[in-house]
Amino acid sequence: MSIFGATGSIGQNTIDLIARDPDAYDVVALTGASNIDRLAKDAKQLKADVAVTADPMRLEDLRAALSGSGVEAAAGHDAMIEAAQRPTDWVMSAIVGAAGLQPGICALEQGATLALANKESLVCAGALILATAKQHDARLLPVDSEHSAVFQALVGEDMGSVERIILTASGGAFRDWPLEDLAQATLAQASSHPNWDMGQRITIDSASMFNKALELIETREYFEVSPKQIEVLVHPESMIHALVGFNDGALMAHVGPPDMRHAIGYALNWPTRRALPVERLDLAAIGALTFRAPDEERWPALRLAREVMERGGLAGAVFNAAKETALDGFIDGHLGFTRMAEVVDEVLNTSDPSHIDAQMTLDNVQAADHMARQVAKNIIEQTAG
Ligand code: NDP
Ligand code: MG
């Protein structure tokens, strides 16, 4: 197995599971970016063949940390791709952002089972990912908790009898804030999630609902359902991860604690189930689960996702790149919280349509991504200036 994004939240949860039974796994590559100490420690512990940092400036540090261990050290984009091309049976795709796309495609090209946490891959290039998997007889397993939940609810079912898929959303940090306060929300406030412990970027995306927006598109791409069949339901307790509605009126809900080791473990052990170290819910103690409709005024990202699905083509790549750039702007203090959605909206409306209408190849996806980042940066600079 290999773990891309091993040093992040999903990567560490994956390592937590495999470190409980290290002899069962032959670890080929672990990748990270800035966290060299963690990367080296885990690569040594798991006896990986190679550890790769995306940052070429950190190669010497990684080499020093791995010296004498027998683990190869490598750095930079080409090294990342080379590691992703090393044959292995199972790969966790847990790099954050569009940077996860190409390594994931490389793994599929080797015929590996790709456990996909990196939802951005499907948002940017869903058709390309699915076609690559098909061409190389590789399997794609969802790791995003909602998509794992839907996948599990569909076991033994016929897609033809599915009426709708309901993605639950906690509502993030600001679900109960007065609307007029959102523009002033700070980075620290947006970086704290009520239920889930995740990387900073997805935590902020949960507060803005950009995470759920990405997940709407991810659902459309992965399960090949129409956008009208996908709904969002605010569920503050984060115990029900998703529901599938069938044509006989039945709703199958997946219920579990907010712990990513469930979805990761399901993908790791699939098609079997094995015991996992996650809390067993005491529903009597929990007492009540609550639900509410999503408020599109509070969360304009949901409307934008619907527009992107309507537009099709490479609109997802433009949307994701604009979102990543706006998020950088918010993290760096150049953009207010509510401005993120406005910037993304503006990028979608002003982008050169030829990028969106281009054929879905990796080159074209990367070109659309690059263009959208430039447009977004210009808008942010004008705002700041
Ligand atoms: P983190 O920010 O915690 O980790 C991201 C990982 O990617 C780290 O290993 C980081 O390295 C690495 N990385 C960052 N930038 C680059 C780059 N340019 N090139 C290569 N590697 C890079 O993110 P999460 O673990 O929270 O999320 C990972 C993915 O999983 C995302 O797509 C997210 O949407 C998805 N996901 C996450 C969930 C969660 O619970 N966290 C739930 C569902 C989906 P380093 O840390 O060393 O800098
Ligand atoms: Mg999710």
# chains A, B, ... in the order shown; residues from 1 in each chain; ligands from 1
>>> residues_near_ligand(ligand="ligand 1", cutoff="7 Å", atoms="only C-alpha atoms and all ligand atoms", output="PyMOL selection string")
chain A and resi 4-11+31-36+54+94-97+99-100+117-120+143-145+196-202+260
>>> select_by_dssp(residues="stretch 52-247 of chain A", states="helix (DSSP H, G or I)", output="PyMOL selection string")
chain A and resi 56-66+77-84+98-109+119-135+145-153+159-161+179-184+187-190+200-208+210-223+227-229
>>> write_last_selection(atoms="C-alpha atoms", output="JSON list (two decimals), in the first residue's frame")
[["chain", "number", "residue", "atom", "x", "y", "z"],
["A", 56, "PRO", "CA", 12.02, 20.19, -2.94],
["A", 57, "MET", "CA", 13.50, 22.63, -0.39],
["A", 58, "ARG", "CA", 12.99, 20.03, 2.33],
["A", 59, "LEU", "CA", 14.85, 17.14, 0.67],
["A", 60, "GLU", "CA", 17.98, 17.55, 2.77],
["A", 61, "ASP", "CA", 15.98, 17.59, 6.00],
["A", 62, "LEU", "CA", 14.14, 14.45, 4.94],
["A", 63, "ARG", "CA", 17.39, 12.72, 3.97],
["A", 64, "ALA", "CA", 18.91, 13.58, 7.32],
["A", 65, "ALA", "CA", 15.84, 12.36, 9.20],
["A", 66, "LEU", "CA", 15.86, 9.05, 7.29],
["A", 77, "HIS", "CA", 6.63, 16.93, -8.17],
["A", 78, "ASP", "CA", 8.44, 14.40, -10.35],
["A", 79, "ALA", "CA", 9.43, 12.32, -7.33],
["A", 80, "MET", "CA", 5.82, 12.37, -6.18],
["A", 81, "ILE", "CA", 4.66, 11.08, -9.55],
["A", 82, "GLU", "CA", 7.41, 8.45, -9.64],
["A", 83, "ALA", "CA", 6.34, 7.20, -6.20],
["A", 84, "ALA", "CA", 2.69, 7.18, -7.30],
["A", 98, "ALA", "CA", -6.18, 19.64, -6.74],
["A", 99, "ALA", "CA", -2.55, 18.60, -6.09],
["A", 100, "GLY", "CA", -4.00, 15.16, -5.30],
["A", 101, "LEU", "CA", -5.38, 14.61, -8.79],
["A", 102, "GLN", "CA", -2.33, 13.50, -10.75],
["A", 103, "PRO", "CA", -0.89, 11.10, -8.14],
["A", 104, "GLY", "CA", -4.33, 9.47, -7.88],
["A", 105, "ILE", "CA", -4.52, 9.01, -11.65],
["A", 106, "CYS", "CA", -1.04, 7.42, -11.59],
["A", 107, "ALA", "CA", -2.19, 4.94, -8.95],
["A", 108, "LEU", "CA", -5.25, 4.02, -11.00],
["A", 109, "GLU", "CA", -3.04, 3.52, -14.04],
["A", 119, "LYS", "CA", -12.73, 14.77, -3.24],
["A", 120, "GLU", "CA", -11.15, 17.49, -5.35],
["A", 121, "SER", "CA", -10.07, 14.79, -7.85],
["A", 122, "LEU", "CA", -13.68, 13.96, -8.64],
["A", 123, "VAL", "CA", -14.76, 17.60, -8.62],
["A", 124, "CYS", "CA", -12.03, 18.60, -11.07],
["A", 125, "ALA", "CA", -11.94, 15.55, -13.30],
["A", 126, "GLY", "CA", -14.66, 13.05, -12.39],
["A", 127, "ALA", "CA", -15.09, 11.61, -15.89],
["A", 128, "LEU", "CA", -11.32, 11.27, -16.34],
["A", 129, "ILE", "CA", -10.92, 9.49, -12.99],
["A", 130, "LEU", "CA", -13.76, 7.06, -13.72],
["A", 131, "ALA", "CA", -12.49, 6.38, -17.26],
["A", 132, "THR", "CA", -8.94, 5.78, -16.00],
["A", 133, "ALA", "CA", -10.20, 3.36, -13.36],
["A", 134, "LYS", "CA", -12.24, 1.50, -15.97],
["A", 135, "GLN", "CA", -9.43, 1.36, -18.49],
["A", 145, "SER", "CA", -17.74, 9.92, 5.19],
["A", 146, "GLU", "CA", -20.95, 10.79, 3.30],
["A", 147, "HIS", "CA", -19.90, 8.91, 0.19],
["A", 148, "SER", "CA", -18.71, 5.91, 2.15],
["A", 149, "ALA", "CA", -22.12, 5.95, 3.87],
["A", 150, "VAL", "CA", -23.96, 6.04, 0.53],
["A", 151, "PHE", "CA", -21.69, 3.32, -0.87],
["A", 152, "GLN", "CA", -22.49, 1.11, 2.13],
["A", 153, "ALA", "CA", -26.24, 1.82, 1.89],
["A", 159, "MET", "CA", -29.03, 1.96, -8.81],
["A", 160, "GLY", "CA", -32.24, 1.97, -10.87],
["A", 161, "SER", "CA", -34.29, 1.92, -7.68],
["A", 179, "LEU", "CA", -26.16, 36.26, 9.11],
["A", 180, "GLU", "CA", -24.89, 39.82, 9.51],
["A", 181, "ASP", "CA", -21.92, 38.62, 11.61],
["A", 182, "LEU", "CA", -20.56, 36.20, 9.00],
["A", 183, "ALA", "CA", -18.59, 38.82, 7.06],
["A", 184, "GLN", "CA", -16.50, 39.48, 10.19],
["A", 187, "LEU", "CA", -9.74, 32.59, 10.75],
["A", 188, "ALA", "CA", -9.62, 31.12, 14.26],
["A", 189, "GLN", "CA", -13.42, 31.00, 14.45],
["A", 190, "ALA", "CA", -13.72, 29.35, 11.03],
["A", 200, "GLN", "CA", -7.66, 23.27, 8.58],
["A", 201, "ARG", "CA", -8.74, 23.74, 4.97],
["A", 202, "ILE", "CA", -11.67, 21.31, 5.04],
["A", 203, "THR", "CA", -12.69, 22.70, 8.44],
["A", 204, "ILE", "CA", -13.03, 26.21, 6.98],
["A", 205, "ASP", "CA", -14.77, 24.71, 3.94],
["A", 206, "SER", "CA", -17.27, 23.16, 6.35],
["A", 207, "ALA", "CA", -18.05, 26.55, 7.86],
["A", 208, "SER", "CA", -18.63, 28.05, 4.40],
["A", 210, "PHE", "CA", -17.83, 24.78, 0.24],
["A", 211, "ASN", "CA", -17.05, 21.31, 1.56],
["A", 212, "LYS", "CA", -20.67, 20.23, 1.01],
["A", 213, "ALA", "CA", -20.63, 21.99, -2.36],
["A", 214, "LEU", "CA", -17.63, 19.87, -3.39],
["A", 215, "GLU", "CA", -19.43, 16.82, -2.03],
["A", 216, "LEU", "CA", -22.54, 17.48, -4.12],
["A", 217, "ILE", "CA", -20.35, 17.37, -7.23],
["A", 218, "GLU", "CA", -18.41, 14.39, -5.86],
["A", 219, "THR", "CA", -21.73, 12.52, -5.41],
["A", 220, "ARG", "CA", -22.85, 13.33, -8.92],
["A", 221, "GLU", "CA", -19.55, 12.10, -10.37],
["A", 222, "TYR", "CA", -19.05, 9.01, -8.21],
["A", 223, "PHE", "CA", -22.60, 7.63, -8.21],
["A", 227, "PRO", "CA", -28.02, 16.73, -9.64],
["A", 228, "LYS", "CA", -31.78, 16.83, -8.88],
["A", 229, "GLN", "CA", -31.45, 13.52, -7.04]]
>>> residues_around(residues="A:Val50", least_positions_apart="5", cutoff="9 Å", atoms="only C-alpha atoms", output="PyMOL selection string")
chain A and resi 27-31+43+70-74+83
>>> select_by_dssp(residues="stretch 198-351 of chain A", states="strand (DSSP E)", output="NGL selection string")
:A and (230-234 or 240-246 or 251-255)
>>> atom_distance(atom1="atom CA of A:Arg303", atom2="atom CA of A:Glu381")
25.0 Å
>>> atom_distance(atom1="atom CA of A:Asp352", atom2="atom CA of A:Ile380")
18.0 Å
>>> residues_around(residues="A:Ala24", least_positions_apart="6", cutoff="12 Å", atoms="only C-alpha atoms", output="PDB file with N, CA and C atoms, in the first residue's frame")
ATOM      1  N   MET A   1       0.816  -1.201   0.000  1.00  0.00           N
ATOM      2  CA  MET A   1       0.000   0.000   0.000  1.00  0.00           C
ATOM      3  C   MET A   1       0.856   1.261   0.000  1.00  0.00           C
ATOM      4  N   LEU A  17      -4.703   3.108  11.857  1.00  0.00           N
ATOM      5  CA  LEU A  17      -5.302   1.779  11.645  1.00  0.00           C
ATOM      6  C   LEU A  17      -4.256   0.746  11.249  1.00  0.00           C
ATOM      7  N   ILE A  18      -3.388   1.096  10.312  1.00  0.00           N
ATOM      8  CA  ILE A  18      -2.465   0.055   9.832  1.00  0.00           C
ATOM      9  C   ILE A  18      -1.358  -0.220  10.851  1.00  0.00           C
ATOM     10  N   LEU A  46       6.827   2.242   9.656  1.00  0.00           N
ATOM     11  CA  LEU A  46       6.090   1.330   8.762  1.00  0.00           C
ATOM     12  C   LEU A  46       6.999   0.667   7.732  1.00  0.00           C
ATOM     13  N   LEU A 268     -10.327   0.196   3.605  1.00  0.00           N
ATOM     14  CA  LEU A 268      -9.129  -0.633   3.800  1.00  0.00           C
ATOM     15  C   LEU A 268      -9.500  -2.120   3.800  1.00  0.00           C
ATOM     16  N   ASN A 269     -10.607  -2.455   4.395  1.00  0.00           N
ATOM     17  CA  ASN A 269     -10.996  -3.862   4.559  1.00  0.00           C
ATOM     18  C   ASN A 269     -11.954  -4.367   3.489  1.00  0.00           C
TER      19      ASN A 269
END
>>> atom_distance(atom1="atom CA of A:Arg261", atom2="atom CA of A:Gly156")
23.4 Å
>>> closest_residue(among="A:Leu283, A:Ala185, A:Met252, A:Met360", to="A:Val155", atoms="only C-alpha atoms")
A:Met252
>>> residues_around(residues="A:His334", least_positions_apart="2", cutoff="10 Å", atoms="only C-alpha atoms", output="VMD selection string")
chain A and resid 326 to 332 336 to 337 339 380 to 381 383 to 385
>>> decode(residues="stretch 206-219 of chain A", atoms="all heavy atoms", output="CSV table (one decimal), in the first residue's frame")
chain,number,residue,atom,x,y,z
A,206,SER,N,-16.0,23.6,5.7
A,206,SER,CA,-17.3,23.2,6.3
A,206,SER,C,-18.1,24.4,6.9
A,206,SER,O,-19.3,24.4,6.8
A,206,SER,CB,-17.0,22.2,7.5
A,206,SER,OG,-16.4,21.1,7.0
A,207,ALA,N,-17.4,25.4,7.4
A,207,ALA,CA,-18.1,26.6,7.9
A,207,ALA,C,-18.7,27.3,6.7
A,207,ALA,O,-19.8,27.9,6.9
A,207,ALA,CB,-17.1,27.4,8.6
A,208,SER,N,-18.1,27.3,5.6
A,208,SER,CA,-18.6,28.1,4.4
A,208,SER,C,-19.6,27.2,3.6
A,208,SER,O,-20.2,27.7,2.6
A,208,SER,CB,-17.5,28.5,3.5
A,208,SER,OG,-16.8,27.4,3.0
A,209,MET,N,-19.6,25.9,3.9
A,209,MET,CA,-20.3,24.9,3.1
A,209,MET,C,-19.7,24.6,1.7
A,209,MET,O,-20.3,23.9,0.9
A,209,MET,CB,-21.8,25.2,2.8
A,209,MET,CG,-22.7,24.9,4.0
A,209,MET,SD,-23.1,23.2,4.2
A,209,MET,CE,-24.2,23.3,5.6
A,210,PHE,N,-18.5,25.2,1.5
A,210,PHE,CA,-17.8,24.8,0.2
A,210,PHE,C,-17.5,23.3,0.3
A,210,PHE,O,-17.5,22.6,-0.8
A,210,PHE,CB,-16.6,25.6,0.0
A,210,PHE,CG,-16.8,26.8,-0.8
A,210,PHE,CD1,-16.7,28.1,-0.3
A,210,PHE,CD2,-17.1,26.7,-2.2
A,210,PHE,CE1,-16.9,29.2,-1.1
A,210,PHE,CE2,-17.4,27.8,-2.9
A,210,PHE,CZ,-17.3,29.1,-2.4
A,211,ASN,N,-17.3,22.8,1.5
A,211,ASN,CA,-17.1,21.3,1.6
A,211,ASN,C,-18.3,20.5,1.0
A,211,ASN,O,-18.1,19.6,0.2
A,211,ASN,CB,-16.7,20.9,3.0
A,211,ASN,CG,-16.5,19.4,3.1
A,211,ASN,OD1,-15.7,18.9,2.3
A,211,ASN,ND2,-17.1,18.8,4.1
A,212,LYS,N,-19.5,20.9,1.5
A,212,LYS,CA,-20.7,20.2,1.0
A,212,LYS,C,-20.9,20.5,-0.5
A,212,LYS,O,-21.4,19.6,-1.2
A,212,LYS,CB,-21.9,20.7,1.8
A,212,LYS,CG,-23.0,19.6,2.0
A,212,LYS,CD,-22.5,18.3,2.5
A,212,LYS,CE,-21.7,18.4,3.8
A,212,LYS,NZ,-21.2,17.1,4.3
A,213,ALA,N,-20.5,21.7,-0.9
A,213,ALA,CA,-20.6,22.0,-2.4
A,213,ALA,C,-19.8,21.0,-3.2
A,213,ALA,O,-20.2,20.4,-4.2
A,213,ALA,CB,-20.2,23.4,-2.6
A,214,LEU,N,-18.5,20.8,-2.7
A,214,LEU,CA,-17.6,19.9,-3.4
A,214,LEU,C,-18.3,18.5,-3.3
A,214,LEU,O,-18.2,17.7,-4.3
A,214,LEU,CB,-16.2,19.8,-2.7
A,214,LEU,CG,-15.4,21.1,-2.8
A,214,LEU,CD1,-14.1,20.9,-2.0
A,214,LEU,CD2,-15.1,21.5,-4.2
A,215,GLU,N,-18.9,18.2,-2.2
A,215,GLU,CA,-19.4,16.8,-2.0
A,215,GLU,C,-20.7,16.6,-2.9
A,215,GLU,O,-20.9,15.4,-3.3
A,215,GLU,CB,-19.8,16.6,-0.6
A,215,GLU,CG,-18.5,16.5,0.3
A,215,GLU,CD,-18.8,16.2,1.8
A,215,GLU,OE1,-19.9,16.1,2.2
A,215,GLU,OE2,-17.8,16.1,2.5
A,216,LEU,N,-21.4,17.6,-3.2
A,216,LEU,CA,-22.5,17.5,-4.1
A,216,LEU,C,-22.0,17.0,-5.5
A,216,LEU,O,-22.5,16.1,-6.1
A,216,LEU,CB,-23.3,18.8,-4.3
A,216,LEU,CG,-24.3,19.2,-3.2
A,216,LEU,CD1,-24.7,20.7,-3.4
A,216,LEU,CD2,-25.5,18.3,-3.3
A,217,ILE,N,-20.9,17.7,-5.9
A,217,ILE,CA,-20.4,17.4,-7.2
A,217,ILE,C,-19.7,16.0,-7.2
A,217,ILE,O,-19.8,15.2,-8.1
A,217,ILE,CB,-19.3,18.5,-7.6
A,217,ILE,CG1,-20.0,19.8,-7.6
A,217,ILE,CG2,-18.7,18.1,-9.0
A,217,ILE,CD1,-19.1,21.0,-7.8
A,218,GLU,N,-19.0,15.7,-6.0
A,218,GLU,CA,-18.4,14.4,-5.9
A,218,GLU,C,-19.5,13.3,-6.0
A,218,GLU,O,-19.2,12.2,-6.6
A,218,GLU,CB,-17.7,14.4,-4.5
A,218,GLU,CG,-17.0,13.1,-4.1
A,218,GLU,CD,-16.5,13.0,-2.7
A,218,GLU,OE1,-16.9,13.9,-1.9
A,218,GLU,OE2,-15.8,12.1,-2.4
A,219,THR,N,-20.6,13.5,-5.4
A,219,THR,CA,-21.7,12.5,-5.4
A,219,THR,C,-22.2,12.3,-6.8
A,219,THR,O,-22.4,11.2,-7.3
A,219,THR,CB,-22.9,13.0,-4.6
A,219,THR,OG1,-22.5,13.3,-3.2
A,219,THR,CG2,-24.0,12.0,-4.5
